[in-house]
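So this one's query-v6.txt, compact mmCIF, C-alpha atoms and all ligand atoms:
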```txt
# COMPACT_ATOMS: atom_id res chain seq x y z
CA MET A 1 40.52 1.87 -36.17
CA SER A 2 39.31 4.09 -38.97
CA SER A 3 41.67 6.52 -40.62
CA THR A 4 41.10 10.24 -40.72
CA GLY A 5 43.69 10.57 -43.45
CA ASN A 6 45.10 13.48 -41.44
CA THR A 7 43.80 16.07 -43.81
CA VAL A 8 40.57 17.46 -42.51
CA SER A 9 40.17 16.14 -39.01
CA SER A 10 37.01 16.67 -37.08
CA THR A 11 36.86 16.36 -33.31
CA GLY A 12 33.22 15.35 -33.59
CA ASN A 13 32.41 17.72 -30.77
CA THR A 14 29.25 19.66 -30.31
CA GLY A 15 30.22 21.59 -27.19
CA GLY A 16 32.23 21.58 -23.99
CA GLN A 17 35.70 22.78 -23.32
CA VAL A 18 38.90 21.15 -24.51
CA LEU A 19 41.77 21.43 -22.02
CA ILE A 20 45.27 21.03 -23.43
CA LEU A 21 47.98 20.22 -20.90
CA LEU A 22 51.54 20.82 -22.13
CA GLY A 23 54.87 20.24 -20.43
CA PRO A 24 58.15 18.33 -20.68
CA PRO A 25 58.48 14.65 -19.71
CA GLY A 26 58.04 14.31 -15.95
CA ALA A 27 56.43 17.73 -15.49
CA GLY A 28 53.37 16.22 -13.81
CA LYS A 29 50.93 16.25 -16.75
CA GLY A 30 49.54 12.80 -16.05
CA THR A 31 49.27 13.39 -12.30
CA GLN A 32 47.39 16.66 -12.76
CA ALA A 33 45.36 15.43 -15.74
CA LEU A 34 43.85 12.63 -13.66
CA ARG A 35 42.60 15.10 -11.05
CA LEU A 36 41.54 17.79 -13.49
CA ALA A 37 39.59 15.36 -15.68
CA ALA A 38 37.79 14.00 -12.61
CA GLU A 39 37.05 17.52 -11.37
CA CYS A 40 35.72 18.67 -14.77
CA GLU A 41 34.04 15.32 -15.52
CA ILE A 42 35.66 14.96 -18.91
CA PRO A 43 37.74 12.10 -20.36
CA HIS A 44 41.52 12.19 -19.86
CA ILE A 45 43.21 11.45 -23.16
CA SER A 46 46.94 10.70 -22.97
CA THR A 47 48.61 9.84 -26.26
CA GLY A 48 51.43 8.17 -24.27
CA ASP A 49 48.87 5.92 -22.52
CA LEU A 50 47.17 5.16 -25.85
CA PHE A 51 50.52 4.14 -27.40
CA ARG A 52 51.47 2.03 -24.34
CA HIS A 53 48.10 0.28 -24.62
CA ASN A 54 48.75 -0.47 -28.30
CA LEU A 55 52.24 -1.72 -27.44
CA LYS A 56 50.88 -4.06 -24.78
CA GLU A 57 48.17 -5.39 -27.10
CA GLY A 58 50.72 -5.88 -29.90
CA THR A 59 48.63 -3.95 -32.47
CA GLU A 60 50.05 -2.80 -35.82
CA LEU A 61 50.16 0.75 -34.44
CA GLY A 62 51.98 -0.49 -31.34
CA LYS A 63 54.57 -2.27 -33.49
CA LYS A 64 55.14 0.87 -35.53
CA ALA A 65 55.45 3.11 -32.45
CA LYS A 66 57.66 0.80 -30.35
CA GLY A 67 61.11 1.75 -31.63
CA PHE A 68 60.46 5.48 -31.48
CA MET A 69 59.16 5.27 -27.91
CA GLU A 70 61.93 3.04 -26.59
CA GLY A 71 64.63 5.27 -28.02
CA GLY A 72 63.09 8.38 -26.50
CA GLY A 73 62.03 9.87 -29.84
CA LEU A 74 58.60 11.00 -30.99
CA VAL A 75 56.21 8.79 -32.91
CA PRO A 76 55.71 10.26 -36.44
CA ASP A 77 52.94 12.86 -36.68
CA GLU A 78 50.70 10.93 -39.08
CA LEU A 79 50.44 7.96 -36.68
CA VAL A 80 49.74 10.24 -33.72
CA LEU A 81 47.14 12.34 -35.56
CA ASP A 82 45.15 9.37 -36.83
CA MET A 83 45.07 7.79 -33.38
CA LEU A 84 44.19 11.03 -31.58
CA PHE A 85 41.44 12.23 -33.91
CA ASP A 86 39.92 8.77 -33.89
CA ARG A 87 39.79 8.85 -30.10
CA VAL A 88 38.31 12.32 -29.70
CA ALA A 89 35.60 11.55 -32.26
CA ALA A 90 34.11 9.08 -29.75
CA ASP A 91 30.82 9.91 -28.04
CA ASP A 92 32.33 10.41 -24.59
CA CYS A 93 34.30 13.42 -25.91
CA ARG A 94 31.22 15.34 -27.01
CA GLY A 95 31.12 17.32 -23.77
CA GLY A 96 34.81 18.22 -23.93
CA TYR A 97 38.01 16.38 -23.00
CA LEU A 98 41.49 16.84 -21.56
CA LEU A 99 44.57 16.27 -23.72
CA ASP A 100 47.78 15.14 -22.00
CA GLY A 101 50.94 14.78 -24.09
CA PHE A 102 49.33 16.02 -27.30
CA PRO A 103 50.22 18.12 -29.23
CA ARG A 104 53.99 17.75 -29.14
CA THR A 105 55.08 19.17 -32.51
CA LEU A 106 54.17 22.23 -34.56
CA PRO A 107 52.27 20.19 -37.20
CA GLN A 108 50.28 18.46 -34.44
CA ALA A 109 49.41 21.82 -32.86
CA LYS A 110 48.32 23.28 -36.19
CA ALA A 111 46.14 20.25 -36.96
CA LEU A 112 44.54 20.57 -33.53
CA THR A 113 43.96 24.33 -33.84
CA LYS A 114 42.22 23.70 -37.16
CA ALA A 115 40.07 20.92 -35.76
CA LEU A 116 39.08 23.05 -32.75
CA GLU A 117 38.23 26.14 -34.82
CA ASN A 118 34.73 26.60 -33.43
CA GLN A 119 35.33 25.11 -30.05
CA ASN A 120 36.23 26.46 -26.65
CA SER A 121 39.75 25.43 -25.62
CA LYS A 122 42.34 26.31 -23.03
CA THR A 123 46.08 25.61 -23.24
CA LEU A 124 48.03 25.18 -20.01
CA LEU A 125 51.81 24.68 -19.68
CA LEU A 126 53.47 23.06 -16.66
CA GLU A 127 56.95 24.56 -16.30
CA VAL A 128 59.56 22.57 -14.35
CA PRO A 129 63.36 23.01 -14.40
CA GLU A 130 65.25 20.29 -16.28
CA SER A 131 67.29 19.46 -13.18
CA VAL A 132 64.06 18.34 -11.45
CA LEU A 133 62.65 16.38 -14.41
CA VAL A 134 65.20 13.54 -14.49
CA GLY A 135 64.46 12.66 -10.84
CA ARG A 136 60.72 12.89 -11.43
CA ALA A 137 60.79 10.44 -14.36
CA GLY A 138 63.47 8.27 -12.72
CA GLY A 139 61.26 7.53 -9.71
CA ARG A 140 57.96 7.25 -11.61
CA LEU A 141 55.88 4.15 -10.90
CA LEU A 142 52.93 3.33 -13.14
CA CYS A 143 50.16 0.87 -12.32
CA LYS A 144 49.37 -2.19 -14.45
CA GLY A 145 45.73 -2.09 -13.35
CA CYS A 146 44.73 1.58 -13.53
CA THR A 147 45.99 5.04 -14.53
CA ASN A 148 47.24 6.01 -11.06
CA ILE A 149 50.80 7.40 -10.87
CA HIS A 150 53.14 6.98 -7.91
CA HIS A 151 56.72 8.13 -7.31
CA ALA A 152 59.24 6.06 -5.33
CA GLU A 153 60.21 9.10 -3.26
CA PHE A 154 57.67 11.91 -3.80
CA SER A 155 54.46 9.88 -3.82
CA PRO A 156 55.32 6.42 -2.49
CA PRO A 157 52.67 3.70 -2.34
CA GLN A 158 51.60 2.51 1.11
CA LYS A 159 52.72 -1.04 0.27
CA PRO A 160 55.91 -1.27 -1.82
CA GLY A 161 55.19 -2.20 -5.44
CA ILE A 162 51.39 -2.05 -4.98
CA CYS A 163 49.07 0.70 -6.27
CA ASP A 164 47.15 2.57 -3.54
CA SER A 165 44.08 2.97 -5.77
CA CYS A 166 43.51 -0.54 -7.16
CA GLN A 167 46.13 -2.78 -5.47
CA GLY A 168 47.57 -3.41 -8.96
CA GLU A 169 51.24 -4.10 -9.60
CA LEU A 170 53.48 -1.06 -10.06
CA TYR A 171 56.17 -0.91 -12.75
CA ARG A 172 58.79 1.46 -14.13
CA ARG A 173 58.63 2.65 -17.72
CA LYS A 174 61.62 1.48 -19.78
CA ASP A 175 61.95 4.96 -21.24
CA ASP A 176 62.31 6.44 -17.73
CA GLU A 177 65.93 5.23 -17.53
CA PRO A 178 68.16 8.34 -17.10
CA GLU A 179 69.81 8.00 -20.55
CA VAL A 180 66.45 7.79 -22.35
CA VAL A 181 65.01 10.65 -20.26
CA LYS A 182 67.96 12.82 -21.33
CA GLU A 183 67.19 11.99 -24.97
CA ARG A 184 63.48 12.78 -24.43
CA LEU A 185 64.40 16.14 -22.93
CA LYS A 186 66.61 16.85 -25.93
CA VAL A 187 63.72 15.96 -28.25
CA TYR A 188 61.40 18.19 -26.20
CA ARG A 189 63.75 21.16 -26.64
CA LYS A 190 64.08 20.58 -30.37
CA GLU A 191 60.58 19.47 -31.43
CA THR A 192 58.18 20.68 -28.74
CA GLN A 193 59.66 23.97 -27.55
CA PRO A 194 58.97 25.70 -30.91
CA MET A 195 55.37 24.54 -30.60
CA VAL A 196 55.10 25.98 -27.08
CA ASP A 197 56.40 29.28 -28.53
CA TYR A 198 53.62 29.10 -31.15
CA TYR A 199 50.99 28.89 -28.39
CA ARG A 200 52.76 31.65 -26.46
CA GLU A 201 52.66 33.92 -29.52
CA THR A 202 48.92 33.44 -29.90
CA GLY A 203 48.62 34.83 -26.36
CA SER A 204 46.47 31.91 -25.28
CA LEU A 205 48.95 30.07 -23.11
CA GLU A 206 48.59 29.88 -19.33
CA VAL A 207 51.95 29.09 -17.73
CA ILE A 208 51.89 27.28 -14.38
CA ASN A 209 54.86 26.64 -12.09
CA GLY A 210 54.95 22.83 -11.91
CA ASP A 211 57.85 22.80 -9.44
CA GLN A 212 55.55 22.93 -6.42
CA ALA A 213 53.65 20.35 -4.38
CA PRO A 214 50.97 18.54 -6.44
CA ASP A 215 48.11 20.17 -4.48
CA VAL A 216 49.54 23.64 -5.08
CA VAL A 217 49.95 22.93 -8.80
CA PHE A 218 46.39 21.65 -8.95
CA SER A 219 45.03 24.83 -7.34
CA ALA A 220 47.04 26.96 -9.79
CA LEU A 221 45.63 25.00 -12.73
CA LYS A 222 42.09 25.48 -11.48
CA GLU A 223 42.76 29.20 -10.99
CA ALA A 224 43.91 29.41 -14.60
CA LEU A 225 40.56 28.06 -15.76
CA VAL A 226 38.00 30.82 -15.98
CA GLY A 227 36.53 31.59 -12.57
CA GLY A 228 38.40 28.67 -11.02
CA GLY A 229 35.88 26.33 -12.71
CA CYS A 230 36.09 24.02 -15.71
P1 LIG A 301 55.67 11.80 -20.66
O1 LIG A 301 54.46 11.64 -19.78
O2 LIG A 301 56.93 11.38 -19.96
O3 LIG A 301 55.73 13.16 -21.25
P2 LIG A 301 54.20 10.20 -22.56
O4 LIG A 301 53.66 9.07 -21.78
O5 LIG A 301 53.29 11.34 -22.84
O6 LIG A 301 55.53 10.74 -21.85
O7 LIG A 301 54.78 9.68 -23.95
C1 LIG A 301 55.62 8.55 -24.02
C2 LIG A 301 56.16 8.41 -25.43
O8 LIG A 301 55.08 8.20 -26.34
C3 LIG A 301 56.89 9.64 -25.98
O9 LIG A 301 58.26 9.69 -25.58
C4 LIG A 301 56.72 9.44 -27.49
O10 LIG A 301 57.60 8.45 -27.98
C5 LIG A 301 55.30 8.89 -27.57
N1 LIG A 301 54.30 9.97 -27.72
C6 LIG A 301 53.32 10.30 -26.84
N2 LIG A 301 52.61 11.34 -27.28
C7 LIG A 301 53.15 11.71 -28.47
C8 LIG A 301 52.87 12.74 -29.42
N3 LIG A 301 51.87 13.62 -29.23
N4 LIG A 301 53.66 12.82 -30.52
C9 LIG A 301 54.66 11.94 -30.73
N5 LIG A 301 54.98 10.96 -29.89
C10 LIG A 301 54.24 10.83 -28.76
P1 LIG A 302 54.28 13.64 -17.03
O1 LIG A 302 52.95 13.02 -17.38
O2 LIG A 302 54.33 15.10 -17.30
O3 LIG A 302 55.43 12.92 -17.67
P2 LIG A 302 53.80 12.52 -14.35
O4 LIG A 302 52.51 13.11 -13.90
O5 LIG A 302 53.80 11.12 -14.78
O6 LIG A 302 54.48 13.50 -15.46
O7 LIG A 302 54.84 12.74 -13.15
C1 LIG A 302 56.18 12.24 -13.23
C2 LIG A 302 56.57 11.69 -11.84
O8 LIG A 302 56.69 12.80 -10.93
C3 LIG A 302 55.56 10.75 -11.23
O9 LIG A 302 56.23 9.72 -10.55
C4 LIG A 302 54.75 11.62 -10.26
O10 LIG A 302 54.29 10.87 -9.13
C5 LIG A 302 55.79 12.66 -9.84
N1 LIG A 302 55.19 13.99 -9.65
C6 LIG A 302 54.19 14.57 -10.36
N2 LIG A 302 53.93 15.82 -9.90
C7 LIG A 302 54.81 16.05 -8.89
C8 LIG A 302 55.05 17.17 -8.02
N3 LIG A 302 54.34 18.28 -8.13
N4 LIG A 302 56.03 17.04 -7.10
C9 LIG A 302 56.76 15.88 -7.01
N5 LIG A 302 56.57 14.81 -7.80
C10 LIG A 302 55.61 14.88 -8.73
ZN ZN A 303 46.21 1.05 -9.84
```
Go through the file and emit its structure as structure tokens.
Ligand code: ADP
Ligand code: ADP
Ligand code: ZN
Amino acid sequence: MSSTGNTVSSTGNTGGQVLILLGPPGAGKGTQALRLAAECEIPHISTGDLFRHNLKEGTELGKKAKGFMEGGGLVPDELVLDMLFDRVAADDCRGGYLLDGFPRTLPQAKALTKALENQNSKTLLLEVPESVLVGRAGGRLLCKGCTNIHHAEFSPPQKPGICDSCQGELYRRKDDEPEVVKERLKVYRKETQPMVDYYRETGSLEVINGDQAPDVVFSALKEALVGGGC
């Protein structure tokens, strides 16, 4: 992986829209991002998924990120920025891409704004009450074989423990234990909320009620995109 040095980061893009999906842990970013990316035919880039991949592969980056992730904290900005800007410089992002879980801090948002200076982008926030979020994360089931997301209660697989999409094995994230989720929500309030306010102040934030059925949320997201398109 080459380093961008975090200073001047280029997205390597020549056109296409960049969709930025914000929201607290468990808000439904991943669930909606999968559908939205398919609908708009752009890559879905989740920094959480990228870190989990590095963790699984035992890379240097994975080793550095592990402790932060397991404790419910954020991975330091410089590690996130290098990884993210490396990824979006790839050829498949030239026609636009969808960001899920990035940015999460004010410095990350400022670095992204700078990198996207001459590019079309749209920032969308999924709002969900905290009381709902713990149950969302607590029942989350990820797939070992693909990016599909189930929920033990709200989106159960047809066969217990097996992914509907690829028949892969389902698992729970360690950081979805209630105590870690509470810590992640605390970190969201402290580190990410000020960044959401920054987007709100620029007047470019579309706020979507994420406390509705997934299909209803998806329609609202599409509505928020100009003309209901991508
Ligand atoms: P969720 O979907 O519950 O919001 P993610 O899968 O996006 O969680 O992220 C899992 C963990 O990966 C985070 O708790 C954090 O430790 C790390 N992480 C992901 N994205 C970022 C980011 N942009 N900045 C810092 N840490 C991140
Ligand atoms: P995030 O990426 O924001 O952390 P996810 O998309 O992984 O959130 O969703 C968290 C959990 O909540 C998953 O188990 C998912 O199946 C479930 N979920 C997502 N959207 C909804 C919804 N609108 N209603 C009920 N459950 C949902
Ligand atoms: Zn699967």
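The coordinates place CA of Asp175 in chain A at 16.0 Å from CA of Lys63 in chain A.
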Between CA of Thr105 in chain A and CA of Phe85 in chain A, measure the distance and give it in Å to one decimal. 15.4 Å
In Å, rounded to a single decimal, give me how far atom N1 of ligand LIG 301 (chain A) is from CA of Lys114 in chain A.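 So the answer is 20.6 Å.
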Let me see if you get this right: every residue at most 7 Å from ligand ZN 303 (chain A), counting all atoms listed in the file, written as an NGL selection string. :A and (143-148 or 163-168)
Output file for the residues above (C-alpha atoms, as a short mmCIF file (atom, residue, chain, number, x, y, z; two decimals), in the coordinates of the input):
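Output (out-v8.cif):
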```cif
data_model
loop_
_atom_site.label_atom_id
_atom_site.label_comp_id
_atom_site.auth_asym_id
_atom_site.auth_seq_id
_atom_site.Cartn_x
_atom_site.Cartn_y
_atom_site.Cartn_z
CA CYS A 143 50.16 0.87 -12.32
CA LYS A 144 49.37 -2.19 -14.45
CA GLY A 145 45.73 -2.09 -13.35
CA CYS A 146 44.73 1.58 -13.53
CA THR A 147 45.99 5.04 -14.53
CA ASN A 148 47.24 6.01 -11.06
CA CYS A 163 49.07 0.70 -6.27
CA ASP A 164 47.15 2.57 -3.54
CA SER A 165 44.08 2.97 -5.77
CA CYS A 166 43.51 -0.54 -7.16
CA GLN A 167 46.13 -2.78 -5.47
CA GLY A 168 47.57 -3.41 -8.96
#
```
Contacts with ligand LIG 301 (chain A) at most 6 Å, all atoms listed in the file counted, listed as a ChimeraX atom specification: /A:24-26,47-49,68-69,72-75,80,101-104
Could you list, as a count of residues only, all the residues within 6 Å of ligand LIG 302 (chain A), counting all atoms listed in the file? 22
Could you name the residues that touch Glu206 in chain A at 10 Å or less, counting all atoms listed in the file, but leaving out those on the same chain fewer than 3 positions away, as a CSV table (one decimal) with C-alpha atoms, in the coordinates of the input?
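Produced file part_14.csv, reproduced below:
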```
chain,number,residue,atom,x,y,z
A,21,LEU,CA,48.0,20.2,-20.9
A,22,LEU,CA,51.5,20.8,-22.1
A,122,LYS,CA,42.3,26.3,-23.0
A,123,THR,CA,46.1,25.6,-23.2
A,124,LEU,CA,48.0,25.2,-20.0
A,125,LEU,CA,51.8,24.7,-19.7
A,126,LEU,CA,53.5,23.1,-16.7
A,199,TYR,CA,51.0,28.9,-28.4
A,200,ARG,CA,52.8,31.6,-26.5
A,203,GLY,CA,48.6,34.8,-26.4
A,221,LEU,CA,45.6,25.0,-12.7
A,224,ALA,CA,43.9,29.4,-14.6
A,225,LEU,CA,40.6,28.1,-15.8
```
Within 12 Å of (69.7, 15.3, -20.1), in the coordinates the file gives, what residues turn up when you count only C-alpha atoms, written out as a list of chain:residue names? A:Pro24, A:Pro25, A:Gly72, A:Pro129, A:Glu130, A:Ser131, A:Val132, A:Leu133, A:Val134, A:Gly135, A:Ala137, A:Gly138, A:Asp176, A:Glu177, A:Pro178, A:Glu179, A:Val180, A:Val181, A:Lys182, A:Glu183, A:Arg184, A:Leu185, A:Lys186, A:Val187, A:Tyr188, A:Arg189
Would you compute the box with edges along x, y and z of the file around range 83-87 of chain A, including every atom the file lists for it and 8 Å extra on each side, and give its centre and edge lengths in Å to one decimal, as lines of an AutoDock Vina configuration file?
```
center_x = 42.4
center_y = 10.0
center_z = -32.0
size_x = 21.3
size_y = 20.4
size_z = 19.8
```
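The residue that comes closest to Leu79 in chain A, out of A:Gly161, A:Pro156, A:Gly229, A:Gly62 and on the basis of all atoms listed in the file, is A:Gly62.
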Which residue, A:Asp86, A:Glu117, A:Glu201, A:Glu127, has the smallest gap to Ile45 in chain A when you use all atoms listed in the file?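 Of the candidates, the smallest distance to Ile45 in chain A is held by A:Asp86.
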Can you tell me which residues surround Pro107 in chain A at a distance of at most 10 Å, considering only C-alpha atoms, apart from same-chain residues fewer than 2 positions away, and format the answer as a list in words? Asp77, Glu78, Leu81, Pro103, Arg104, Thr105, Ala109, Lys110, Ala111, Leu112, Thr113 and Met195 of chain A
Given only C-alpha atoms as the basis, pick out the residue of A:Val226, A:Val18, A:Val128, A:Leu142 nearest to Gly96 in chain A. A:Val18
